[in-house]
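What follows is a single structure, written as structure tokens, with notes after it.
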Amino acid sequence: MRNALWEMPARAQAGAVRTGEVSAVELVDAHLARIAEVNPAVNAVTQLLAEQSRGAAAEIDRRRAAGAELGPLAGVPFTVKETTAIEGVPTTYGAKCLRDSVARSDAPPVARLRAAGGIPVGHSNMPTLILAGVHTRSELFGDTANPWSSAVTPGGTSGGDGAAVASGMAALGLGNDSGGSVRIPASFCGVAGLKPTYGRFAADHRIGPDDPSHAAQILVVDGPLARTVGDLRLAYEVLAGADPRDPRAVPVPPYGDPLERPLKVAMVTDPGGHGVHPVVRKAVESAADALRDAGYEVTEVADVPRLDDALDAYARMTLTEFATTWPVVKPLLGEGGHRYIERAMARSGPPELPDYLRLTGVRMGIQRDWAAFLDVYPLVLGPVFTEPPFAPGDDVRDEESHRRVQQAMRLCTATSFVGVPAVAVPTGVVAGLPQGVQLIGRSYREDLCLEAAEEVERRLGVHTPIDPRP
């Protein structure tokens with residue numbers, strides 16, 4: 001018989017703990033039981049923190065008994081991608097070479113969630129070193145299954161969090177996104193996900209003492225996954241803000257000034273004109289109808305600004321940085337783990353230094369054009385992935401399948417390059433698989449993305465948690 005505690009939204013879970021309706025220990029135990037039940041089939045949770053999470057829950061219960069005020073996430077279990085440090089636990093990146101790399105302290109977003117009363121119940125799976133592909137398969141922990149169907153990938157690179165949240169193993173997941181790595185798993189697993197503006201959340205993406213190179217600094221942002229947009233908003237409010245440990249994070253208020261209504265939304269069904277599957281097109285159109293019903297002014301546009309320029313510059317800049325360390329990194333990826341990046345290198349080839357420096361200026365120009373576009377349309381509605389979920393391994397099977405996967409995620413890639421926020425939200429289930437869209441906004445206007453996504457969710461429904469299916 002299903003345990004109602006792990007099915008509840010995060011906001012309801014925290015409310016029940018604060019009022020004493022349930023104890024934090026009961027809530028954590030319910031999730032640990034759910035993990036024991038379904039993780040053997042899904043393989044999303046990699047390092048289970050059973051005793052640590054029970055201890056944290058007991059402390060929350062003690063504080064409540066003493067009359068202390070509990071935080072907005074009181075007792076809420078969350079998973080943390082293997083990229084992100086949990087104090088006292090190895091941060092492995094899914095690689096055998098890092099299996100003993102024990103974190104000395106929580107990464108900033110983990111610390112914020114914990115300070116709000118959230119409880120990390122375990123690390124979650126990802127492609128090895130983030131570089132092994134879009135399907136969640138790591139050298140250290142193996143494949144993660146999509147709980148909707150093992151015939152399709154849960155996506156990546158935050159696929160462990162997407163699968164864990166969708167199947168009820170955690171109320172929230174903490175992933176990161178540099179080109180769709182939160183939004184794609186959210187869409188493929190039927191949950192919501194937020195890619196914030198660059199600089200909105202404090203983070204620490206170092207492997208060891210050295211800071212990452214330029215592209216990793218400007219493209220990778222941490223972001224939450226949740227079953228409802230309301231829970232995503234709750235996590236956003238906790239995670240937003242500056243932190244001295246991350247000089248990139250800025251103290252911008254989480255909610256901006258009201259804008260004139262009706263709010264204009266630019267709908268793009270086929271970014272770049274490279275083709276879109278009819279099921280995906282229908283999902284975007286359904287979301288557009290939901291927004292119109294909610295009072296938004298939705299206008300179909302031919303394209304977003306300079307999509308192909310953004311994709312080319314993104315590929316060439318990132319591959320330049322990969323190339324400098326590739327002889328060292330390649331052996332660390334395990335058997336077959338090198339194929340995804342090598343196929344990208346073969347197609348784009350890294351530029352020489354003068355061209356790389358030129359591309360930094362190209363990026364600024366693309367950002368300027370996007371800012372002008374978003375000044376007219378404060379929101380953009382489009383696909384997360386222009387095809388349905390693909391089979392595990394299709395991202396690296398051959399050159400054509402690799403090209404198709406990279407092309408399908410193009411709107412995610414471009415918006416990561418620009419640095420603007422986006423929320424992925426489900427739109428329904430077709431042929432047994434979830435469908436979703438993303439709402440993209442002006443820099444530091446995550447609030448507008450969340451508000452619109454809530455309207456889509458209100459009309460098209462919430463579809464998880466689910467029991468894993470073959």
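Scheme for the structure tokens: letters A, B, ... for chains in order shown; per-chain residue numbers from 1; ligand numbers from 1 in order shown.
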Once you count only C-alpha atoms, what closest atom pair and distance in Å to one decimal does each residue of region 326-442 of chain A within 12 Å of region 239-261 of chain A have, with rows by chain and rising residue number, as a tab-separated table?
residue	atom	partner	partner_atom	distance
A:Asp375	CA	A:Leu259	CA	11.0
A:Val376	CA	A:Glu260	CA	11.5
A:Tyr377	CA	A:Leu259	CA	11.2
A:Pro378	CA	A:Leu259	CA	8.9
A:Leu379	CA	A:Leu259	CA	11.5
A:Gly441	CA	A:Gly256	CA	12.0
A:Arg442	CA	A:Gly256	CA	10.6
For this session: Give the helix (DSSP H, G or I) residues of region 58-162 of chain A, as assigned by DSSP on the backbone, as JSON, numbers by chain.
Result: {"A": [58, 59, 60, 61, 62, 63, 64, 65, 96, 97, 98, 108, 109, 110, 111, 112, 113, 114, 115, 128, 129, 130, 159, 160, 161, 162]}
Please produce an output containing C-alpha atoms for each residue in the selection, written as a PDB file, in the first residue's frame.
ATOM      1  CA  ALA A  58      15.540  13.846  14.702  1.00  0.00           C
ATOM      2  CA  GLU A  59      17.239  17.212  15.267  1.00  0.00           C
ATOM      3  CA  ILE A  60      14.386  18.987  13.493  1.00  0.00           C
ATOM      4  CA  ASP A  61      11.909  17.166  15.718  1.00  0.00           C
ATOM      5  CA  ARG A  62      13.874  18.175  18.810  1.00  0.00           C
ATOM      6  CA  ARG A  63      13.861  21.797  17.702  1.00  0.00           C
ATOM      7  CA  ARG A  64      10.130  21.755  17.113  1.00  0.00           C
ATOM      8  CA  ALA A  65       9.522  20.203  20.534  1.00  0.00           C
ATOM      9  CA  LYS A  96      35.970   5.748 -10.188  1.00  0.00           C
ATOM     10  CA  CYS A  97      38.929   8.091  -9.810  1.00  0.00           C
ATOM     11  CA  LEU A  98      36.869  10.307  -7.475  1.00  0.00           C
ATOM     12  CA  PRO A 108      26.397  26.587  -1.200  1.00  0.00           C
ATOM     13  CA  PRO A 109      23.058  25.319  -2.573  1.00  0.00           C
ATOM     14  CA  VAL A 110      23.122  22.257  -0.326  1.00  0.00           C
ATOM     15  CA  ALA A 111      23.874  24.496   2.650  1.00  0.00           C
ATOM     16  CA  ARG A 112      20.939  26.766   1.752  1.00  0.00           C
ATOM     17  CA  LEU A 113      18.492  23.887   1.409  1.00  0.00           C
ATOM     18  CA  ARG A 114      19.740  22.378   4.662  1.00  0.00           C
ATOM     19  CA  ALA A 115      19.467  25.727   6.491  1.00  0.00           C
ATOM     20  CA  THR A 128      30.481  10.250 -15.895  1.00  0.00           C
ATOM     21  CA  LEU A 129      32.157  13.626 -15.256  1.00  0.00           C
ATOM     22  CA  ILE A 130      29.116  15.239 -16.966  1.00  0.00           C
ATOM     23  CA  GLY A 159      18.780  12.340 -14.801  1.00  0.00           C
ATOM     24  CA  GLY A 160      19.195  10.778 -11.371  1.00  0.00           C
ATOM     25  CA  ASP A 161      17.360  13.686  -9.757  1.00  0.00           C
ATOM     26  CA  GLY A 162      14.626  13.669 -12.402  1.00  0.00           C
TER      27      GLY A 162
END
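Counting only C-alpha atoms and comparing A:Gly94, A:Gly122, A:Gly71, A:Pro271, the residue that lies closest to Phe385 (chain A) is A:Pro271.
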Problem set entry | For region 288-295 of chain A: contacts at 9 Å, only C-alpha atoms, fewer than 3 positions along chain excluded, given as a list in words | Arg261, Pro262, Leu263, Val265, Met267, Ala283, Val284, Glu285, Val298, Thr299, Leu381, Ala452, Ala453, Glu455, Val456, Glu457, Arg458, Arg459 and Leu460 of chain A
At a cut-off of 8 Å, can you tabulate as CSV every residue of region 298-386 of chain A near region 136-142 of chain A together with its closest atom pair and the distance in Å to one decimal, using only C-alpha atoms and ordering rows by chain then number?
residue,atom,partner,partner_atom,distance
A:Leu333,CA,A:Glu139,CA,6.9
A:Gly334,CA,A:Glu139,CA,5.7
A:Glu335,CA,A:Glu139,CA,7.8
A:Gly337,CA,A:Glu139,CA,7.9
Seminar exercise, completed: CA of Pro350 (chain A) to CA of Thr320 (chain A) measures 4.6 Å
For this session: Check the smallest atom-to-atom distance from each of A:Gly67, A:Pro196, A:Gly461, A:Gly168 to Ala36 (chain A) using only C-alpha atoms, then report the winner.
Result: A:Gly168
Exercise. In Å to one decimal, how far is CA of Gly382 (chain A) from CA of Tyr296 (chain A)?
Worked result: 15.0 Å
For this session: Show which residues sit within 12 Å of Leu49 (chain A), as a list of chain:residue names. Count only C-alpha atoms, and ignore same-chain residues fewer than 6 positions away.
Result: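 Those residues are A:Val28, A:Asp29, A:His31, A:Leu32, A:Ile35, A:Gly55, A:Ala56, A:Ala57, A:Pro77, A:Phe78, A:Thr79, A:Val80, A:Ile86, A:Glu87, A:Gly88, A:Val89, A:Pro90, A:Ile119, A:Pro120, A:Val121, A:Gly122, A:His123, A:Ser124.
Across the model, the gap from CA of Pro389 (chain A) to CA of Gly155 (chain A) is 7.7 Å.
Each of A:Arg316, A:Arg363, A:Lys330, A:Arg368 was checked against Ala346 (chain A) using only C-alpha atoms; the smallest atom-to-atom distance is that of A:Arg316.
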For this session: Point out the residue among A:Thr197, A:Thr153, A:Asn176, A:Ser401 with the least atom-to-atom distance to Gly419 (chain A), counting only C-alpha atoms.
Result: A:Thr197
